[in-house]
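See structure below.
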Amino acid sequence: MARFLFSRLLATLPVMLTVLVVVFMLLHIGPGDPAAAMAGDNASAEQIAQIRQRLHLDQPLVVQFLIYLRQLAQFDLGVSVYSGRPVATMILQRAEPTLMLALTTTLLSVLVAVPAGVFAARRLGLVTDYVVMALCVAGFSIPVFVIGYALMQVFAIELGWLPVQGYRPLASGLWNSLRSLTLPTVALTLLFAALVARITRATLLNVLSEDYIRTARAKGLPERKVVATHALKNIGVPVVTVVGTSFAALLGGVVVTESVFNLPGIGRLTVDSILSRDYPVVQGVMLVFAFVLVVVNLLVDLSYALFDPRIRQDMRS
Amino acid sequence: MLRIVIAAWLAGSLCLAASIGPAGAETVLKIKNTGDIKQLDALFTSAYPVRDMAYLIYDTLFSLDGNYRAQPQMVESHTLSEDGKTYVFKLRQGLSFHDGKPVTAADCIASIERWMKKDSLGAEIDKRLDAIRAIDATAFEVRLKEPFARLIDGFARMTAYPLFVMPERLARTPATTELKEFVGSGPFKLLPDEWVPGVKFVVAKHGGYKPRGEAPSGLAGGKTAGVDRIERIQFSDDLSAVNALLAGEIDYVAEVPAEMLPVLEKDKSIQVAKAPILGKNFQVVINHTQPPMDNVKVRQALQYAISQSDSMQAVFGGRKDLYQLCPALFMCGSPYETDVGSERFMKQDFEKAKALLKEAGYDGTPIVYLHPMDAKVQRDVGTVMVNAMRKAGFTVEDVQMDTATMFTRRTNKNPPKQGGWNVFITGFAGDALMDPLTNPYVTGACEKAFVGWPCDKPLQELWQTFLLASDDAARKAIAVEMQARSNEIVTYIPLGQFNDLSAWRKSVSGFVPGPTLTYWNVRKSD
Amino acid sequence: MSAQPQTARAGRSLKASTVVIGLSFAIVAMVTACALLAPPILGYSSDLNMGEALQPPGSPHWFGTDNLGRDIFVRTLSGARTSLMVGLGVSLLTLLAGGLIGLVAGYVRLADTVLMRIMDGLMAIPGVLLAVALASLLGGGLLTVMIAISVPEIPRTARLMRGVVLSLREMLYIDAAIAIGSSTPRILLRHILPNATEALVVQATFVCASAILAEAILSFIGVGISPDLPSWGNVMAGGRQFFRVAPWIIAFPGLFLSLLVIAINVLGDALRERIDPRLSGRRA
C-alpha cells in the first residue's frame with residue numbers, strides 16, 4: 001500500500017513539472033506584462049523599465065524560470081506583482097468560498113444524480129428515461145451563467161428568498177453561509193449532476209449486462225433486488241471515478257459561477273490575475289489547481305480499494 | 001507547516017467574516033467603486049481608486065477646495081519672504097499619526113523629499129530648491145534659489161501624485177521602492193489585516209484626528225469621520241453591485257451604468273445623482289511617431305471622423321442629461337475652458353475627412369486601433385470609433401485585446417506592424433485634464449510626453465511660460481494658446497464630458513462636491 | 001422482469017429516439033442554414049444605431065436591440081456562423097492535433113511516455129482556466145479563440161486515439177501488414193486510421209458542442225471574439241450588464257446556443273450508441 005502510494009505520488013512529479021512549464025511559457029510568451037499596467041496612466045518609459053527590472057522581466061526567459069524554480073524548491077510560491085503579498089496567503093484567503101462551493105455542489109450532485117441515473121437505467125427506453133436523459137443533456141448544454149442569472153432573477157430578485165450576491169463565510173454561521181451558497185450551488189449542480197447522472201446510468205447499464213447479474217436474474221431474484229444487492233454495489237467505483245474526473249470541469253464551472261454571484265473565491269482570483277498579468281499569482285493558482293486535481297485522482301484510485309476487494313489485492317502485490 | 005496553513009485560513013476566513021461580526025453601535029459604510037486596491041503607495045500608481053482611498057488615510061499640507069484652489073490643510077499658517085524665495089510653514093497643533101506619534105516637521109520634510117522624486121511639479125520645485133529644514137518640532141522652512149509661484153499648488157495638487165504626509169521612518173523609503181506599511185494622519189486608518197485585494201479594503205475612524213474648523217469644501221476644510229468604518233467591497237461586475245445596493249447589502253455605488261437607472265430610480269430607498277465632481281472625459285490618443293498618423297493632415301482627418309455625440313450615447317444611451325458635448329481640452333466648467341480650435345472635431349464630417357486624407361496622400365495603410373474587450377465602456381466606445389473611422393475613409397485594423405495588453409502595447413514605440421500602434425481611447429478625470437500642468441497630452445515633450453509622444457517646440461515653450469506665469473489672467477491667456485496649438489497639431493481629441501452616476505441608499509448623506517469623491521463627511525443613519 | 005417487456009421497450013425507444021434524433025437533425029440543419037444564409041442576406045448588424053438602443057422584442061426588431069441599437073434577431077441568426085465556425089474549427093483542430101499526437105504515441109513507443117506526460121500536464125489544468133489564459137494572452141480574434149479552446153481538448157482526443165491505436169496494434173491484420181513489409185505511414189494510413197474514424201467522429205461531436213459553450217464562456221469573461229463579428233457568446237456577453245433591464249440580449253442567443261448544443265450532443269449520443277451501445281452516455 002505504502003509503495004503504491006509512493007509510486008503514485010512520484011508519478012505526479014512529471015505532471016506537475018509539465019504544468020509548471022506550460023503555464024510559465026504561456027504567461028511569458030504572450031503580449032502584455034504587468035509593468036505597464038502597474039505603473040499606471042502617467043508612467044514614463046523609465047518608470048516602466050524600472051518596474052520590469054525589479055520583477056526580473058528584463059532577464060532571459062530561462063533565467064526567470066530558474067529563479068521561479070529555485071523559489072518553488074523552497075516551498076515559496078512568490079509574491080503578487082501588484083500587492084506584494086505572498087501568493088500562498090492570497091490563495092488561502094480566497095480558498096473558503098471555492099472549497100465550500102465545490103463541496104456543496106459535489107454533495108448535491110451525487111444526491112440528485114446517482115438516483116436519477118439509476119432510475120433512468122431501470123427505465124431504459126421508457127419515456128421517463130428519455131426525460132431524465134434529456135434534462136441531463138440540457139443541464140450541460142446551457143451556459144452556467146445563463147442558469148445563474150435566471151435563478152438570481154427568480155429567487156433573489158423577484159421572490160427575495162436568498163441573497164443576490166456575495167459570500168457569507170462559515171465564521172458568520174453555517175446557516176448564513178449555506179444561504180449565500182444556495183443559488184450558486186444549484187446553478188452549478190445543474191451542470192455537474194447532469195454529467196454524473198449520465199455516467200451513472202451508462203455504468204449501471206454496463207453492470208446489468210454482466211454475467212453475474214444474468215446469473216442472479218436466472219436464479220429468479222426479483223429485478224429490484226438484483227439492482228440493489230448486486231449492481232449498485234458495483235457502481236460505487238465508477239461513481240467515485242466520475243466525481244473525481246469531473247472535478248476539473250467542476251473547477252471550471254466554479255470560475256464562472258463565482259463571477260456571476262460575486263463570490264470572492266480562487267476562480268475570480270485566477271481570472272483577475274490573468275487579466276492583469278499577475279504572473280506569480282496565475283502560476284501559483286494553476287499549480288495549486290493541478291495539485292488538487294492530481295490528489296483527487298489519487299484519492300479516487302485509493303477509494304477503489306474500499307469498494308473492490310480485487311483491487312485491494314492488486315495494490316498489495 | 002500545517003499550523004501555518006490553518007492559521008492563515010482562519011485569518012482569511014475571519015477577515016471575510018469581519019463585516020458581519022459583532023457590530024454593536026458601530027456604523028459601517030459599505031461602498032463599491034471601480035478598480036481594485038492592490039497596493040497603496042500613491043507614488044507608484046496614478047490610478048484614481050488608489051489615490052482616493054489614500055486620501056482617507058493620509059493628510060496633506062494643502063488641499064484643493066471645491067473651486068480647485070489650494071487651501072491649507074495640515075498647515076496652520078505660512079509666510080513668504082519679501083524676495084519670494086523663502087517659505088515658512090507652521091503645522092496645526094495636535095496632529096497625530098495612526099501609530100500614535102505626533103506629526104513633526106521632520107515627517108513633512110521627508111515626505112516632501114520623497115514626493116519631489118516622482119511628481120513632475122515636484123521635480124520643478126526640486127530644481128529650484130536651495131534648502132529645506134526644520135525650524136522646530138512643528139515648523140519648517142523651504143528656501144528656493146528663485147521665486148516660484150507654483151510651490152503651494154504643487155503641495156496641494158492631486159494629480160498625478162499628491163503629497164501625502166507619512167512618518168519619517170516610512171518617508172525615508174527610497175522613491176524607487178514601494179511602501180509596505182501605510183501609516184498616515186488622515187481621518188481614517190487602514191486596517192491592514194482586513195484588506196484583501198480583490199475582496200475588500202477596510203479603514204476605520206482615526207480617533208485622534210483633529211479636523212479643521214472650516215466647513216468642508218472639496219478636499220479642503222474640516223474632515224470629520226462620519227462613520228466608524230468604511231468597507232470598500234470588490235465586485236465582479238456592475239450588475240452584482242447594483243443588485244447588492246437594491247438589496248441593502250451595500251450603501252453606495254460609484255459609476256453606475258446608465259442602463260441600470262430604470263431599475264434604481266424605481267426604488268424609493270435609493271438616491272441616484274451625478275457624482276459631485278468636475279467630471280471625466282474620454283480621449284482619442286494618437287501616436288504621432290508612426291505613419292500615417294505622423295502626418296498632421298491625417299490626424300486632422302481623424303478629428304472630422306469622430307462624433308462626441310455617438311461616443312457618449314454608446315455609454316449613456318438616450319440619457320442626454322448625463323453628458324455634455326464639450327469643445328474644451330481643459331474641461332468645460334473649469335477655469336481654462338475655451339472652444340478655440342475645436343471646429344474640426346465638434347461636427348462629424350466624413351466628406352471633409354476624406355478630402356483631407358486625399359490631400360495627405362493616404363494610401364490605405366491600416367490604422368492599428370487598440371481595442372480592449374474586457375472593459376465595457378472601452379469596448380463600446382471603441383466600436384463606435386472604429387465604425388466612424390472606416391466611414392471616414394480610414395482602413396482600420398481593429399486589434400482586440402484585454403486591458404493589460406493595451407497598457408503594455410501602447411508604450412511600444414515600434415511601427416504598428418511590429419507591435420506598435422496608431423490609435424486608442426482612454427479616459428482621464430477632469431482634475432487631471434483641467435490644468436495645463438497636469439493635462440498629460442499638451443506638453444509637446446516628445447519622448448517624455450504621454451504615450452503618443454507629440455513633439456512640438458511651440459507647445460513646450462507654452463508649457464514653460466504657463467508654469468512660470470503668476471497671475472490668473474496671464475495663465476488663462478496661455479491656456480487658450482495651448483489649446484489652439486494643441487488642436488492644430490491634434491495632440492488628442494476629446495470624446496465628450498460626463499459625470500459618473502452615483503447611487504446610494506437614502507440612509508446615507510453628506511457627500512461633498514469637489515474635484516474627486518471623498519467619503520470623510522459621509523454619514524449613515526439606521 | 002422477463003424478456004418480453006424488454007422487446008416492447010426497444011420498440012418504443014426506437015420511436016422516441018427517432019423523434020428526438022429527427023428534431024436534433026432539424027435544429028442542426030436550421031442553424032447551418034442560418035450560418036450559410038443569414039450573413040449574406042441580413043448582414044451582421046454591426047452598425048451602431050443609437051436611436052434604437054435597448055428596444056424590447058417587437059416589430060421591426062423581433063428579438064429587440066442591444067445597448068448600441070444593434071438588432072438581436074440579425075445578430076443571433078448571423079452569429080450562428082461564428083459559433084458554428086468555432087465548433088467546427090475546434091473539432092477539426094482537436095482531431096488533427098489530438099489524433100496525430102495519439103497516433104504517434106500509440107505507435108512509437110519512444111514518443112509515448114513524453115507525449116502522454118505532456119498531455120497529463122495539460123489535463124491537470126482546469127480547461128476553462130487554460131482557455132481563458134490562452135485567449136487572454138494570445139489576444140482576441142476568431143482563430144486565437146479557436147486555438148485557446150482546442151488546447152485543453154487535445155489531451156482527451158489524443159488519449160482516445162492512442163487507446164484505439166494500441167488495441168488495433170494487437171490485431172492480427174496489422175501483424176500481417178508488417179509481415180508483408182508495409183511501411184509505417186502506410187500502416188497508419190491504410191489500416192489504423194480508418195478503424196479509428198468512428199470513435200473520433202463521435203468524440204468530435206462532443207468537442208464541437210463543448211467548444212460552442214466554451215466560446216460563450218470566454219466572451220463572458222471578456223476574452224472572446226470582437227463584437228464586430230457577432231457570435232452567440234459575445235452577443236450574450238454584451239448583454240451581461242443589462243440583464244435586469246434587457247434580458248432579451250442574453251435570452252435569444254442563449255436559447256439558440258442551448259438548442260444547438262443539445263442537438264449536437266443528442267446526435268453524438270445516437271452515433272455512439274450505433275457504434276457501441278454499451279458506451280452510450282459515457283463522455284470520453
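Lettering and numbering for the C-alpha cells are positional, with chains as A, B, ... in the shown order, residues counted from 1 in each chain, and ligands counted from 1 in the shown order.
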
Contact set, chain C to chain B: 9 Å, only C-alpha atoms, as a compact mmCIF listing (two decimals) with N, CA and C atoms, in the first residue's frame:
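That gives us iface39.txt:
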# COMPACT_ATOMS: atom_id res chain seq x y z
N SER C 46 -23.67 45.18 -37.53
CA SER C 46 -22.57 45.70 -36.73
C SER C 46 -22.63 47.21 -36.62
N ASP C 47 -23.41 47.84 -37.52
CA ASP C 47 -23.50 49.29 -37.47
C ASP C 47 -24.29 49.72 -36.25
N LEU C 48 -23.84 50.83 -35.70
CA LEU C 48 -24.49 51.28 -34.48
C LEU C 48 -25.68 52.15 -34.84
N ASN C 49 -26.66 52.11 -33.98
CA ASN C 49 -27.86 52.88 -34.23
C ASN C 49 -28.39 53.34 -32.88
N MET C 50 -27.79 54.43 -32.39
CA MET C 50 -28.03 54.82 -31.00
C MET C 50 -29.50 55.13 -30.72
N GLY C 51 -30.21 55.62 -31.73
CA GLY C 51 -31.61 55.98 -31.52
C GLY C 51 -32.47 54.78 -31.17
N ALA C 53 -31.50 52.07 -29.32
CA ALA C 53 -30.87 51.24 -28.30
C ALA C 53 -31.88 50.63 -27.34
N LEU C 54 -31.60 49.39 -26.93
CA LEU C 54 -32.37 48.67 -25.91
C LEU C 54 -33.86 48.61 -26.17
N ASN C 67 -27.53 47.57 -26.45
CA ASN C 67 -27.33 48.94 -25.98
C ASN C 67 -26.75 49.85 -27.05
N LEU C 68 -26.25 49.27 -28.15
CA LEU C 68 -25.76 50.11 -29.24
C LEU C 68 -26.76 50.12 -30.39
N SER C 136 -6.62 35.16 -23.44
CA SER C 136 -6.20 36.47 -22.95
C SER C 136 -4.79 36.80 -23.44
N LEU C 137 -3.93 35.80 -23.43
CA LEU C 137 -2.54 36.07 -23.77
C LEU C 137 -2.32 36.15 -25.28
N LEU C 138 -3.09 35.37 -26.03
CA LEU C 138 -2.92 35.40 -27.48
C LEU C 138 -3.64 36.60 -28.09
N GLY C 139 -4.55 37.19 -27.36
CA GLY C 139 -5.32 38.32 -27.89
C GLY C 139 -6.56 37.81 -28.60
N GLY C 140 -7.62 38.63 -28.57
CA GLY C 140 -8.90 38.18 -29.13
C GLY C 140 -8.82 37.92 -30.62
N GLY C 141 -9.88 37.37 -31.18
CA GLY C 141 -9.88 37.05 -32.60
C GLY C 141 -10.39 35.64 -32.79
N SER C 219 -16.22 34.75 -23.94
CA SER C 219 -16.79 36.08 -24.16
C SER C 219 -17.28 36.66 -22.85
N ILE C 221 -16.23 36.17 -19.91
CA ILE C 221 -15.12 36.64 -19.08
C ILE C 221 -14.42 37.83 -19.72
N GLY C 222 -14.67 38.07 -21.01
CA GLY C 222 -14.13 39.27 -21.64
C GLY C 222 -12.89 39.02 -22.48
N VAL C 223 -12.67 37.76 -22.87
CA VAL C 223 -11.50 37.48 -23.69
C VAL C 223 -11.91 36.78 -24.99
N GLY C 224 -13.13 37.04 -25.44
CA GLY C 224 -13.63 36.35 -26.61
C GLY C 224 -13.42 37.11 -27.91
N ILE C 225 -14.29 36.79 -28.88
CA ILE C 225 -14.20 37.40 -30.21
C ILE C 225 -14.81 38.80 -30.18
N SER C 226 -14.27 39.70 -30.98
CA SER C 226 -14.78 41.07 -31.01
C SER C 226 -16.23 41.12 -31.45
N PRO C 227 -17.01 42.02 -30.85
CA PRO C 227 -18.43 42.12 -31.20
C PRO C 227 -18.69 42.56 -32.64
N ASP C 228 -17.64 43.00 -33.36
CA ASP C 228 -17.82 43.30 -34.79
C ASP C 228 -18.34 42.09 -35.53
N GLY C 238 -22.31 40.88 -24.22
CA GLY C 238 -22.65 42.30 -24.30
C GLY C 238 -23.88 42.64 -23.48
N ARG C 240 -24.65 41.22 -20.61
CA ARG C 240 -24.47 40.86 -19.21
C ARG C 240 -24.89 41.98 -18.26
N GLN C 241 -24.45 43.20 -18.59
CA GLN C 241 -24.75 44.34 -17.73
C GLN C 241 -26.24 44.68 -17.73
N PHE C 242 -26.92 44.28 -18.80
CA PHE C 242 -28.30 44.75 -18.99
C PHE C 242 -29.31 43.68 -18.62
N PHE C 243 -28.80 42.67 -17.92
CA PHE C 243 -29.68 41.53 -17.67
C PHE C 243 -30.99 41.95 -17.02
N ARG C 244 -30.94 42.93 -16.13
CA ARG C 244 -32.16 43.31 -15.42
C ARG C 244 -33.08 44.19 -16.27
N VAL C 245 -32.52 44.94 -17.21
CA VAL C 245 -33.36 45.84 -18.00
C VAL C 245 -33.64 45.30 -19.40

Quiz item: Contacts of Ala116 in chain A at 12 Å or less, counting only C-alpha atoms, minus same-chain residues fewer than 6 places along, as JSON, numbers by chain?
Solution: {"A": [109, 110, 122, 123, 128, 129, 130, 131, 132, 133, 134, 135, 136, 193, 194, 195, 196, 197, 198, 199, 200, 201, 202, 204]}

Quiz item: What residues in chain A have any atom no more than 7 Å from chain C when counting only C-alpha atoms, and can you write them as an NGL selection string?
Solution: :A and (14-16 or 18-19 or 27 or 30-31 or 125-126 or 137-138 or 141-143 or 198-199 or 202 or 206 or 223 or 248-249 or 251-252 or 274-275 or 286 or 289-290 or 293-294)

Quiz item: Excluding same-chain residues fewer than 5 positions from Ile249 in chain C, what lies within 7 Å of it counting only C-alpha atoms, as a ChimeraX atom specification?
Solution: /C:66,72,235-236,239

Now that the selection is made, can you save its residues with N, CA, C and O atoms as a tab-separated table (two decimals), in the first residue's frame?
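Written file, part_11.tsv:
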chain	number	residue	atom	x	y	z
C	66	ASP	N	-29.68	45.74	-28.78
C	66	ASP	CA	-28.77	45.85	-27.64
C	66	ASP	C	-28.50	47.32	-27.32
C	66	ASP	O	-29.15	48.21	-27.87
C	72	ILE	N	-30.88	42.25	-32.40
C	72	ILE	CA	-30.51	40.96	-31.82
C	72	ILE	C	-30.96	39.81	-32.73
C	72	ILE	O	-30.30	38.77	-32.82
C	235	VAL	N	-22.59	38.21	-28.15
C	235	VAL	CA	-23.86	38.94	-28.04
C	235	VAL	C	-24.38	38.83	-26.60
C	235	VAL	O	-24.76	39.83	-25.98
C	236	MET	N	-24.31	37.61	-26.05
C	236	MET	CA	-24.76	37.42	-24.67
C	236	MET	C	-23.89	38.20	-23.70
C	236	MET	O	-24.39	38.82	-22.76
C	239	GLY	N	-24.73	41.64	-23.26
C	239	GLY	CA	-25.96	41.89	-22.53
C	239	GLY	C	-25.86	41.64	-21.04
C	239	GLY	O	-26.81	41.82	-20.29

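Contact shell of range 58-75 of chain A at 9 Å (only C-alpha atoms; same-chain neighbours under 2 positions omitted): Val21, Phe24, Met25, His28, Ile29, Ala49, Arg52, Gln53, Arg54, Leu55, His56, Leu77, Gly78 and Pro280 of chain A.
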
Residue contacts of Pro56 in chain C (8 Å, only C-alpha atoms) excluding same-chain residues fewer than 5 positions away, as a PDB file with N, CA, C and O atoms, in the first residue's frame:
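Below is the file that was written, selection_6.pdb:
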ATOM      1  N   HIS C  61     -37.812  45.032 -34.646  1.00  0.00           N
ATOM      2  CA  HIS C  61     -36.723  44.222 -34.081  1.00  0.00           C
ATOM      3  C   HIS C  61     -37.333  43.052 -33.325  1.00  0.00           C
ATOM      4  O   HIS C  61     -37.684  43.176 -32.161  1.00  0.00           O
ATOM      5  N   PHE C  63     -36.270  40.375 -32.002  1.00  0.00           N
ATOM      6  CA  PHE C  63     -35.624  39.928 -30.754  1.00  0.00           C
ATOM      7  C   PHE C  63     -35.132  41.124 -29.941  1.00  0.00           C
ATOM      8  O   PHE C  63     -34.352  40.982 -29.035  1.00  0.00           O
ATOM      9  N   GLY C  64     -35.557  42.343 -30.304  1.00  0.00           N
ATOM     10  CA  GLY C  64     -35.096  43.529 -29.589  1.00  0.00           C
ATOM     11  C   GLY C  64     -33.732  43.998 -30.083  1.00  0.00           C
ATOM     12  O   GLY C  64     -33.194  43.462 -31.051  1.00  0.00           O
ATOM     13  N   THR C  65     -33.202  45.028 -29.399  1.00  0.00           N
ATOM     14  CA  THR C  65     -31.883  45.538 -29.774  1.00  0.00           C
ATOM     15  C   THR C  65     -30.988  45.607 -28.545  1.00  0.00           C
ATOM     16  O   THR C  65     -31.466  45.549 -27.413  1.00  0.00           O
ATOM     17  N   ALA C 246     -32.761  44.449 -19.924  1.00  0.00           N
ATOM     18  CA  ALA C 246     -32.960  43.955 -21.288  1.00  0.00           C
ATOM     19  C   ALA C 246     -32.553  42.486 -21.378  1.00  0.00           C
ATOM     20  O   ALA C 246     -31.583  42.141 -22.036  1.00  0.00           O
ATOM     21  N   TRP C 248     -33.560  40.164 -23.018  1.00  0.00           N
ATOM     22  CA  TRP C 248     -33.614  39.521 -24.341  1.00  0.00           C
ATOM     23  C   TRP C 248     -32.235  39.411 -24.994  1.00  0.00           C
ATOM     24  O   TRP C 248     -32.014  38.543 -25.817  1.00  0.00           O
TER      25      TRP C 248
END

Quiz prompt | Spatial neighbours of Leu191 in chain A, 8 Å, only C-alpha atoms, chain gap at least 3 places, as number ranges by chain | solution = A: 139-140, 144, 187-188, 194-195

Quiz item: Residues of range 427-475 of chain B in helix (DSSP H, G or I) according to DSSP, as JSON, numbers by chain?
Solution: {"B": [430, 431, 432, 433, 446, 447, 448, 457, 458, 459, 460, 461, 462, 463, 464, 465, 466, 467, 468, 472, 473, 474, 475]}

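Going from CA of Ala33 in chain C over to CA of Arg81 in chain C, you cover 9.2 Å.
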
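Take the candidates A:Pro86, A:Pro264, A:Gly284, A:Gly148 and check each one against chain B using only C-alpha atoms; the shortest distance goes to A:Pro264.
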
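Considering the residues B:Leu467, B:Ala429, B:Val28, B:Leu163 and counting only C-alpha atoms, Ser525 in chain B has its shortest atom-to-atom contact with B:Val28.
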
Practice problem: Output as a ChimeraX atom specification all residues of range 74-141 of chain B that backbone DSSP marks as strand (DSSP E). | Solution: /B:75-80,86-91,129-136,139-141

Output N, CA and C atoms for every residue in that selection, as an mmCIF file, in the first residue's frame.
data_model
loop_
_atom_site.group_PDB
_atom_site.id
_atom_site.type_symbol
_atom_site.label_atom_id
_atom_site.label_comp_id
_atom_site.auth_asym_id
_atom_site.auth_seq_id
_atom_site.Cartn_x
_atom_site.Cartn_y
_atom_site.Cartn_z
ATOM 1 N N VAL B 75 -1.372 72.497 7.404
ATOM 2 C CA VAL B 75 -0.640 73.716 7.728
ATOM 3 C C VAL B 75 -1.568 74.704 8.436
ATOM 4 N N GLU B 76 -1.063 75.265 9.552
ATOM 5 C CA GLU B 76 -1.831 76.268 10.296
ATOM 6 C C GLU B 76 -1.652 77.627 9.625
ATOM 7 N N SER B 77 -0.390 77.983 9.393
ATOM 8 C CA SER B 77 -0.113 79.277 8.776
ATOM 9 C C SER B 77 1.178 79.165 7.985
ATOM 10 N N HIS B 78 1.340 80.055 7.012
ATOM 11 C CA HIS B 78 2.586 80.037 6.249
ATOM 12 C C HIS B 78 2.933 81.451 5.831
ATOM 13 N N THR B 79 4.209 81.718 5.675
ATOM 14 C CA THR B 79 4.663 83.046 5.283
ATOM 15 C C THR B 79 5.636 82.921 4.127
ATOM 16 N N LEU B 80 5.710 83.974 3.350
ATOM 17 C CA LEU B 80 6.643 84.019 2.235
ATOM 18 C C LEU B 80 7.503 85.258 2.404
ATOM 19 N N THR B 86 11.708 82.354 0.282
ATOM 20 C CA THR B 86 11.686 81.521 1.482
ATOM 21 C C THR B 86 10.278 81.395 2.055
ATOM 22 N N TYR B 87 9.817 80.151 2.122
ATOM 23 C CA TYR B 87 8.516 79.860 2.718
ATOM 24 C C TYR B 87 8.744 79.305 4.113
ATOM 25 N N VAL B 88 7.886 79.712 5.057
ATOM 26 C CA VAL B 88 7.900 79.072 6.370
ATOM 27 C C VAL B 88 6.504 78.510 6.626
ATOM 28 N N PHE B 89 6.458 77.230 6.971
ATOM 29 C CA PHE B 89 5.171 76.572 7.212
ATOM 30 C C PHE B 89 5.081 76.165 8.674
ATOM 31 N N LYS B 90 3.920 76.448 9.268
ATOM 32 C CA LYS B 90 3.707 76.023 10.652
ATOM 33 C C LYS B 90 2.541 75.047 10.672
ATOM 34 N N LEU B 91 2.766 73.871 11.283
ATOM 35 C CA LEU B 91 1.712 72.844 11.306
ATOM 36 C C LEU B 91 0.671 73.158 12.370
ATOM 37 N N LEU B 129 15.191 74.220 -5.655
ATOM 38 C CA LEU B 129 15.320 74.128 -4.203
ATOM 39 C C LEU B 129 16.741 74.456 -3.750
ATOM 40 N N ASP B 130 16.806 75.327 -2.743
ATOM 41 C CA ASP B 130 18.100 75.633 -2.148
ATOM 42 C C ASP B 130 18.284 74.783 -0.894
ATOM 43 N N ALA B 131 17.311 74.861 0.016
ATOM 44 C CA ALA B 131 17.403 74.061 1.235
ATOM 45 C C ALA B 131 16.017 73.904 1.834
ATOM 46 N N ILE B 132 15.861 72.796 2.567
ATOM 47 C CA ILE B 132 14.620 72.585 3.295
ATOM 48 C C ILE B 132 15.025 72.108 4.682
ATOM 49 N N ARG B 133 14.504 72.772 5.742
ATOM 50 C CA ARG B 133 14.968 72.374 7.078
ATOM 51 C C ARG B 133 13.881 72.649 8.116
ATOM 52 N N ALA B 134 13.954 71.887 9.211
ATOM 53 C CA ALA B 134 13.005 72.071 10.301
ATOM 54 C C ALA B 134 13.440 73.265 11.146
ATOM 55 N N ILE B 135 12.455 74.056 11.567
ATOM 56 C CA ILE B 135 12.744 75.178 12.463
ATOM 57 C C ILE B 135 12.541 74.705 13.889
ATOM 58 N N ASP B 136 11.426 74.060 14.140
ATOM 59 C CA ASP B 136 11.208 73.387 15.426
ATOM 60 C C ASP B 136 10.350 72.165 15.145
ATOM 61 N N ALA B 139 7.411 73.331 12.759
ATOM 62 C CA ALA B 139 7.570 74.367 11.729
ATOM 63 C C ALA B 139 8.766 74.033 10.854
ATOM 64 N N PHE B 140 8.644 74.325 9.561
ATOM 65 C CA PHE B 140 9.787 74.091 8.684
ATOM 66 C C PHE B 140 9.864 75.158 7.603
ATOM 67 N N GLU B 141 11.035 75.227 6.973
ATOM 68 C CA GLU B 141 11.320 76.309 6.051
ATOM 69 C C GLU B 141 11.743 75.706 4.712
#

Self-check item: Nearest-residue call for Gly89 in chain C, choices C:Leu115, C:Val207, C:Leu267, C:Ala179, using only C-alpha atoms
Solution: C:Val207

Quiz item: Looking at only C-alpha atoms, which of B:Ser486, B:Ser185, B:Ser46, B:Thr224 is the one that sits closest to chain A?
Solution: B:Ser46
